[in-house]
Amino acid sequence: MECNGARIFVVDDHPAVRQGLALLLGADAHLVCGEAASKAEALQCLVAARPQLTLLDISLGEDNGLDLIGWLLQHEIRVLVYSMHEDIMAVEGSFRLGAQGYVSKREDSRVLLSGVREVLAGRRFISPRGAQVLAGRAIASSRADWLARLSERELQIMDMLGQGRSNAEIAKTLMISVRTVESYCTRIMEKLQLSGMKELRQQAILCRN
């Protein structure tokens with residue numbers, strides 16, 4: 001499918017946004033073949049409009065734009081979600097429901113145009129802000145998995161390492177020997193599969209952020 005000259009339908013409840021998108025997409029040789037401000041309005045107009053791609057906002061007044069994704073896919077219409085939402089439920093949920101792309105409204109307009117071209121070409125696309133959300137989720141999940149492997153005492157030591165404390169300072173605070181702190185650090189490194197104290201301290205700092 002050619003990227004340029006595509007028929008695009010816009011679903012957004014803000015008239016100014018729809019007008020701006022029509023100008024932006026028109027300048028990139030696309031045709032906005034229809035627009036809607038609500039789920040009901042979209043369902044009335046989409047079939048006759050015959051779009052190849054729908055730019056879909058999530059917040060449509062009282063409606064959730066994601067509810068349209070299944071219907072659009074059944075009619076072989078590609079979906080690029082274009083939304084202000086930058087939370088994990090919005091980004092992950094869009095792809096889980098079948099959207100081929102996700103672009104935050106806070107991105108530069110060039111990012112949106114790139115997303116349109118990629119989705120029309122049959123490829124998935126996620127804007128930098130959306131990717132950052134997914135990366136944060138992956139890091140949090142990895143962190144939670146790591147921390148679940150540690151005992152309460154090991155977590156205490158990780159926290160203190162993350163504060164930048166030395167082994168001697170940790171030993172004094174916990175009223176144990178430096179050698180015992182070193183033994184705990186060795187066990188933590190084994191559990192988290194870390195190569196040495198430098199990497200352990202780096203991960204301890206990450207776990208505090």
# chains A, B, ... in the order shown; residues from 1 in each chain; ligands from 1
$ residues_around --residues "region 59-68 of chain A" --least-positions-apart "3" --cutoff "9 Å" --atoms "only C-alpha atoms" --output "list in words"
Val11, Asp12, Asp13, His14, Ala37, Ser38, Lys39, Ala42, Leu43, Leu56, Trp71, Leu72, Leu73, Val81, Ser83, Met84, His85, Ala90, Gly93, Ser94, Leu97 and Ala99 of chain A
$ write_last_selection --atoms "N, CA and C atoms" --output "compact mmCIF listing (two decimals), in the first residue's frame"
# COMPACT_ATOMS: atom_id res chain seq x y z
N VAL A 11 -10.82 10.67 14.18
CA VAL A 11 -11.79 10.61 15.28
C VAL A 11 -11.19 11.35 16.46
N ASP A 12 -11.72 12.54 16.74
CA ASP A 12 -11.23 13.37 17.83
C ASP A 12 -12.36 14.33 18.23
N ASP A 13 -12.55 14.54 19.52
CA ASP A 13 -13.68 15.37 19.94
C ASP A 13 -13.38 16.86 19.98
N HIS A 14 -12.19 17.27 19.52
CA HIS A 14 -11.85 18.69 19.48
C HIS A 14 -11.80 19.17 18.02
N ALA A 37 -16.55 13.18 16.06
CA ALA A 37 -16.22 13.63 17.40
C ALA A 37 -16.60 12.61 18.47
N SER A 38 -17.30 11.55 18.07
CA SER A 38 -17.76 10.55 19.04
C SER A 38 -17.75 9.17 18.40
N LYS A 39 -17.93 8.17 19.24
CA LYS A 39 -17.98 6.79 18.75
C LYS A 39 -19.17 6.59 17.83
N ALA A 42 -18.66 8.28 14.49
CA ALA A 42 -17.68 7.54 13.70
C ALA A 42 -18.29 6.33 13.04
N LEU A 43 -19.07 5.57 13.79
CA LEU A 43 -19.69 4.35 13.24
C LEU A 43 -20.67 4.68 12.11
N LEU A 56 -7.10 7.85 15.71
CA LEU A 56 -8.10 7.66 16.77
C LEU A 56 -7.63 8.22 18.11
N TRP A 71 -13.88 -2.90 15.85
CA TRP A 71 -14.74 -2.67 14.68
C TRP A 71 -13.91 -2.25 13.48
N LEU A 72 -12.96 -1.35 13.69
CA LEU A 72 -12.12 -0.88 12.59
C LEU A 72 -11.31 -2.02 11.98
N LEU A 73 -10.78 -2.88 12.82
CA LEU A 73 -9.99 -4.00 12.31
C LEU A 73 -10.85 -4.99 11.54
N VAL A 81 -3.45 5.24 17.01
CA VAL A 81 -3.97 5.98 18.15
C VAL A 81 -3.15 7.26 18.32
N SER A 83 -3.12 10.37 20.93
CA SER A 83 -3.74 10.74 22.20
C SER A 83 -2.80 11.51 23.12
N MET A 84 -3.40 12.27 24.04
CA MET A 84 -2.64 12.95 25.09
C MET A 84 -2.22 11.97 26.19
N HIS A 85 -2.90 10.84 26.29
CA HIS A 85 -2.61 9.88 27.35
C HIS A 85 -1.23 9.26 27.15
N ALA A 90 -2.96 3.10 28.57
CA ALA A 90 -3.32 3.64 27.26
C ALA A 90 -2.43 3.07 26.16
N GLY A 93 -2.60 -0.89 26.20
CA GLY A 93 -3.95 -1.28 25.85
C GLY A 93 -4.25 -1.08 24.38
N SER A 94 -3.74 -0.01 23.80
CA SER A 94 -3.96 0.26 22.37
C SER A 94 -3.40 -0.87 21.51
N LEU A 97 -5.26 -4.27 21.93
CA LEU A 97 -6.55 -4.32 21.23
C LEU A 97 -6.38 -4.40 19.71
N ALA A 99 -4.33 -1.97 17.71
CA ALA A 99 -3.85 -0.78 16.99
C ALA A 99 -2.45 -1.05 16.44
$ select_by_dssp --residues "region 54-102 of chain A" --states "alpha helix (DSSP H)" --output "VMD selection string"
chain A and resid 69 to 74 88 to 97
$ closest_residue --among "A:Arg7, A:Ile69, A:Gln74, A:Val133" --to "Ala49 (chain A)" --atoms "only C-alpha atoms"
A:Arg7
$ atom_distance --atom1 "CA of Val10 (chain A)" --atom2 "CA of Glu35 (chain A)"
4.6 Å
$ closest_atom_pairs --of "region 86-150 of chain A" --to "region 170-190 of chain A" --cutoff "12 Å" --atoms "only C-alpha atoms" --output "JSON lines"
{"residue": "A:Trp146", "atom": "CA", "partner": "A:Ile188", "partner_atom": "CA", "distance": 9.7}
{"residue": "A:Leu147", "atom": "CA", "partner": "A:Ile188", "partner_atom": "CA", "distance": 9.8}
{"residue": "A:Ala148", "atom": "CA", "partner": "A:Ile188", "partner_atom": "CA", "distance": 11.5}
{"residue": "A:Arg149", "atom": "CA", "partner": "A:Ile188", "partner_atom": "CA", "distance": 8.8}
{"residue": "A:Leu150", "atom": "CA", "partner": "A:Ile188", "partner_atom": "CA", "distance": 7.0}
$ write_last_selection --atoms "N, CA and C atoms" --output "mmCIF file, in the first residue's frame"
data_model
loop_
_atom_site.group_PDB
_atom_site.id
_atom_site.type_symbol
_atom_site.label_atom_id
_atom_site.label_comp_id
_atom_site.auth_asym_id
_atom_site.auth_seq_id
_atom_site.Cartn_x
_atom_site.Cartn_y
_atom_site.Cartn_z
ATOM 1 N N TRP A 146 13.720 -8.749 40.403
ATOM 2 C CA TRP A 146 14.981 -8.841 41.125
ATOM 3 C C TRP A 146 14.766 -8.750 42.627
ATOM 4 N N LEU A 147 14.004 -7.726 43.029
ATOM 5 C CA LEU A 147 13.840 -7.482 44.452
ATOM 6 C C LEU A 147 13.089 -8.617 45.151
ATOM 7 N N ALA A 148 12.236 -9.309 44.409
ATOM 8 C CA ALA A 148 11.490 -10.427 44.995
ATOM 9 C C ALA A 148 12.415 -11.575 45.390
ATOM 10 N N ARG A 149 13.622 -11.602 44.819
ATOM 11 C CA ARG A 149 14.563 -12.686 45.118
ATOM 12 C C ARG A 149 15.353 -12.442 46.414
ATOM 13 N N LEU A 150 15.276 -11.217 46.929
ATOM 14 C CA LEU A 150 16.129 -10.854 48.055
ATOM 15 C C LEU A 150 15.406 -10.955 49.394
#
$ closest_residue --among "A:Gly34, A:Gly130, A:Gly26, A:Gly162" --to "Glu107 (chain A)" --atoms "only C-alpha atoms"
A:Gly130
$ decode --residues "region 27-77 of chain A" --atoms "N, CA and C atoms" --output "JSON list (two decimals), in the first residue's frame"
[["chain", "number", "residue", "atom", "x", "y", "z"],
["A", 27, "ALA", "N", -1.00, 18.45, 3.64],
["A", 27, "ALA", "CA", 0.32, 18.91, 3.19],
["A", 27, "ALA", "C", 1.26, 17.75, 2.91],
["A", 28, "ASP", "N", 0.93, 16.58, 3.45],
["A", 28, "ASP", "CA", 1.74, 15.38, 3.20],
["A", 28, "ASP", "C", 1.09, 14.48, 2.16],
["A", 29, "ALA", "N", 0.19, 15.06, 1.37],
["A", 29, "ALA", "CA", -0.47, 14.39, 0.24],
["A", 29, "ALA", "C", -1.52, 13.36, 0.63],
["A", 30, "HIS", "N", -1.97, 13.37, 1.87],
["A", 30, "HIS", "CA", -3.05, 12.48, 2.28],
["A", 30, "HIS", "C", -4.38, 13.22, 2.17],
["A", 31, "LEU", "N", -5.46, 12.46, 2.18],
["A", 31, "LEU", "CA", -6.80, 13.03, 2.12],
["A", 31, "LEU", "C", -7.57, 12.64, 3.37],
["A", 32, "VAL", "N", -8.04, 13.63, 4.12],
["A", 32, "VAL", "CA", -8.93, 13.35, 5.25],
["A", 32, "VAL", "C", -10.32, 13.15, 4.66],
["A", 33, "CYS", "N", -10.74, 11.89, 4.61],
["A", 33, "CYS", "CA", -11.99, 11.54, 3.93],
["A", 33, "CYS", "C", -13.20, 11.61, 4.85],
["A", 34, "GLY", "N", -12.97, 11.94, 6.11],
["A", 34, "GLY", "CA", -14.08, 12.06, 7.04],
["A", 34, "GLY", "C", -13.56, 12.30, 8.44],
["A", 35, "GLU", "N", -14.46, 12.77, 9.31],
["A", 35, "GLU", "CA", -14.08, 13.01, 10.69],
["A", 35, "GLU", "C", -15.28, 12.81, 11.59],
["A", 36, "ALA", "N", -14.99, 12.56, 12.87],
["A", 36, "ALA", "CA", -16.06, 12.34, 13.85],
["A", 36, "ALA", "C", -15.57, 12.78, 15.22],
["A", 37, "ALA", "N", -16.55, 13.18, 16.06],
["A", 37, "ALA", "CA", -16.22, 13.63, 17.40],
["A", 37, "ALA", "C", -16.60, 12.61, 18.47],
["A", 38, "SER", "N", -17.30, 11.55, 18.07],
["A", 38, "SER", "CA", -17.76, 10.55, 19.04],
["A", 38, "SER", "C", -17.75, 9.17, 18.40],
["A", 39, "LYS", "N", -17.93, 8.17, 19.24],
["A", 39, "LYS", "CA", -17.98, 6.79, 18.75],
["A", 39, "LYS", "C", -19.17, 6.59, 17.83],
["A", 40, "ALA", "N", -20.35, 7.08, 18.23],
["A", 40, "ALA", "CA", -21.56, 6.90, 17.42],
["A", 40, "ALA", "C", -21.42, 7.58, 16.06],
["A", 41, "GLU", "N", -20.88, 8.79, 16.07],
["A", 41, "GLU", "CA", -20.70, 9.53, 14.82],
["A", 41, "GLU", "C", -19.71, 8.81, 13.91],
["A", 42, "ALA", "N", -18.66, 8.28, 14.49],
["A", 42, "ALA", "CA", -17.68, 7.54, 13.70],
["A", 42, "ALA", "C", -18.29, 6.33, 13.04],
["A", 43, "LEU", "N", -19.07, 5.57, 13.79],
["A", 43, "LEU", "CA", -19.69, 4.35, 13.24],
["A", 43, "LEU", "C", -20.67, 4.68, 12.11],
["A", 44, "GLN", "N", -21.29, 5.86, 12.16],
["A", 44, "GLN", "CA", -22.21, 6.27, 11.11],
["A", 44, "GLN", "C", -21.49, 6.62, 9.81],
["A", 45, "CYS", "N", -20.29, 7.16, 9.95],
["A", 45, "CYS", "CA", -19.61, 7.73, 8.78],
["A", 45, "CYS", "C", -18.50, 6.86, 8.19],
["A", 46, "LEU", "N", -17.94, 5.95, 8.97],
["A", 46, "LEU", "CA", -16.71, 5.27, 8.55],
["A", 46, "LEU", "C", -16.87, 4.42, 7.30],
["A", 47, "VAL", "N", -17.95, 3.67, 7.20],
["A", 47, "VAL", "CA", -18.10, 2.76, 6.05],
["A", 47, "VAL", "C", -18.15, 3.55, 4.75],
["A", 48, "ALA", "N", -18.96, 4.63, 4.72],
["A", 48, "ALA", "CA", -19.09, 5.43, 3.51],
["A", 48, "ALA", "C", -17.79, 6.16, 3.17],
["A", 49, "ALA", "N", -17.01, 6.50, 4.20],
["A", 49, "ALA", "CA", -15.77, 7.24, 3.98],
["A", 49, "ALA", "C", -14.68, 6.38, 3.36],
["A", 50, "ARG", "N", -14.73, 5.08, 3.57],
["A", 50, "ARG", "CA", -13.76, 4.12, 3.03],
["A", 50, "ARG", "C", -12.30, 4.50, 3.31],
["A", 51, "PRO", "N", -11.96, 4.74, 4.57],
["A", 51, "PRO", "CA", -10.57, 5.10, 4.87],
["A", 51, "PRO", "C", -9.64, 3.89, 4.85],
["A", 52, "GLN", "N", -8.37, 4.15, 4.62],
["A", 52, "GLN", "CA", -7.34, 3.12, 4.75],
["A", 52, "GLN", "C", -6.78, 3.13, 6.18],
["A", 53, "LEU", "N", -6.90, 4.29, 6.83],
["A", 53, "LEU", "CA", -6.33, 4.46, 8.17],
["A", 53, "LEU", "C", -7.24, 5.38, 8.97],
["A", 54, "THR", "N", -7.39, 5.08, 10.25],
["A", 54, "THR", "CA", -8.11, 5.97, 11.16],
["A", 54, "THR", "C", -7.15, 6.48, 12.22],
["A", 55, "LEU", "N", -7.11, 7.81, 12.36],
["A", 55, "LEU", "CA", -6.40, 8.44, 13.47],
["A", 55, "LEU", "C", -7.40, 8.52, 14.61],
["A", 56, "LEU", "N", -7.10, 7.85, 15.71],
["A", 56, "LEU", "CA", -8.10, 7.66, 16.77],
["A", 56, "LEU", "C", -7.63, 8.22, 18.11],
["A", 57, "ASP", "N", -8.42, 9.16, 18.66],
["A", 57, "ASP", "CA", -8.15, 9.65, 20.01],
["A", 57, "ASP", "C", -8.78, 8.68, 21.01],
["A", 58, "ILE", "N", -8.26, 8.66, 22.23],
["A", 58, "ILE", "CA", -8.82, 7.78, 23.26],
["A", 58, "ILE", "C", -9.98, 8.45, 23.97],
["A", 59, "SER", "N", -9.81, 9.72, 24.36],
["A", 59, "SER", "CA", -10.85, 10.44, 25.10],
["A", 59, "SER", "C", -11.79, 11.13, 24.12],
["A", 60, "LEU", "N", -13.02, 10.60, 24.03],
["A", 60, "LEU", "CA", -14.03, 11.17, 23.15],
["A", 60, "LEU", "C", -15.25, 11.56, 23.98],
["A", 61, "GLY", "N", -15.10, 12.58, 24.80],
["A", 61, "GLY", "CA", -16.18, 12.94, 25.72],
["A", 61, "GLY", "C", -16.40, 11.81, 26.71],
["A", 62, "GLU", "N", -17.60, 11.25, 26.70],
["A", 62, "GLU", "CA", -17.91, 10.13, 27.59],
["A", 62, "GLU", "C", -17.51, 8.79, 26.99],
["A", 63, "ASP", "N", -17.10, 8.78, 25.72],
["A", 63, "ASP", "CA", -16.72, 7.54, 25.04],
["A", 63, "ASP", "C", -15.23, 7.26, 25.18],
["A", 64, "ASN", "N", -14.89, 5.98, 25.05],
["A", 64, "ASN", "CA", -13.50, 5.55, 24.99],
["A", 64, "ASN", "C", -13.19, 5.15, 23.56],
["A", 65, "GLY", "N", -12.29, 5.89, 22.93],
["A", 65, "GLY", "CA", -11.98, 5.62, 21.53],
["A", 65, "GLY", "C", -11.45, 4.22, 21.28],
["A", 66, "LEU", "N", -10.83, 3.61, 22.30],
["A", 66, "LEU", "CA", -10.29, 2.27, 22.12],
["A", 66, "LEU", "C", -11.38, 1.25, 21.82],
["A", 67, "ASP", "N", -12.62, 1.57, 22.18],
["A", 67, "ASP", "CA", -13.73, 0.66, 21.90],
["A", 67, "ASP", "C", -13.99, 0.51, 20.41],
["A", 68, "LEU", "N", -13.47, 1.42, 19.62],
["A", 68, "LEU", "CA", -13.66, 1.37, 18.16],
["A", 68, "LEU", "C", -12.66, 0.48, 17.45],
["A", 69, "ILE", "N", -11.58, 0.12, 18.12],
["A", 69, "ILE", "CA", -10.48, -0.57, 17.43],
["A", 69, "ILE", "C", -10.93, -1.90, 16.83],
["A", 70, "GLY", "N", -11.65, -2.70, 17.61],
["A", 70, "GLY", "CA", -12.11, -3.99, 17.11],
["A", 70, "GLY", "C", -12.95, -3.84, 15.85],
["A", 71, "TRP", "N", -13.88, -2.90, 15.85],
["A", 71, "TRP", "CA", -14.74, -2.67, 14.68],
["A", 71, "TRP", "C", -13.91, -2.25, 13.48],
["A", 72, "LEU", "N", -12.96, -1.35, 13.69],
["A", 72, "LEU", "CA", -12.12, -0.88, 12.59],
["A", 72, "LEU", "C", -11.31, -2.02, 11.98],
["A", 73, "LEU", "N", -10.78, -2.88, 12.82],
["A", 73, "LEU", "CA", -9.99, -4.00, 12.31],
["A", 73, "LEU", "C", -10.85, -4.99, 11.54],
["A", 74, "GLN", "N", -12.07, -5.19, 11.99],
["A", 74, "GLN", "CA", -12.99, -6.07, 11.26],
["A", 74, "GLN", "C", -13.26, -5.55, 9.85],
["A", 75, "HIS", "N", -13.20, -4.26, 9.70],
["A", 75, "HIS", "CA", -13.44, -3.64, 8.38],
["A", 75, "HIS", "C", -12.13, -3.33, 7.66],
["A", 76, "GLU", "N", -11.05, -3.95, 8.12],
["A", 76, "GLU", "CA", -9.74, -3.84, 7.48],
["A", 76, "GLU", "C", -9.25, -2.40, 7.38],
["A", 77, "ILE", "N", -9.50, -1.65, 8.43],
["A", 77, "ILE", "CA", -9.03, -0.26, 8.50],
["A", 77, "ILE", "C", -7.91, -0.20, 9.54]]
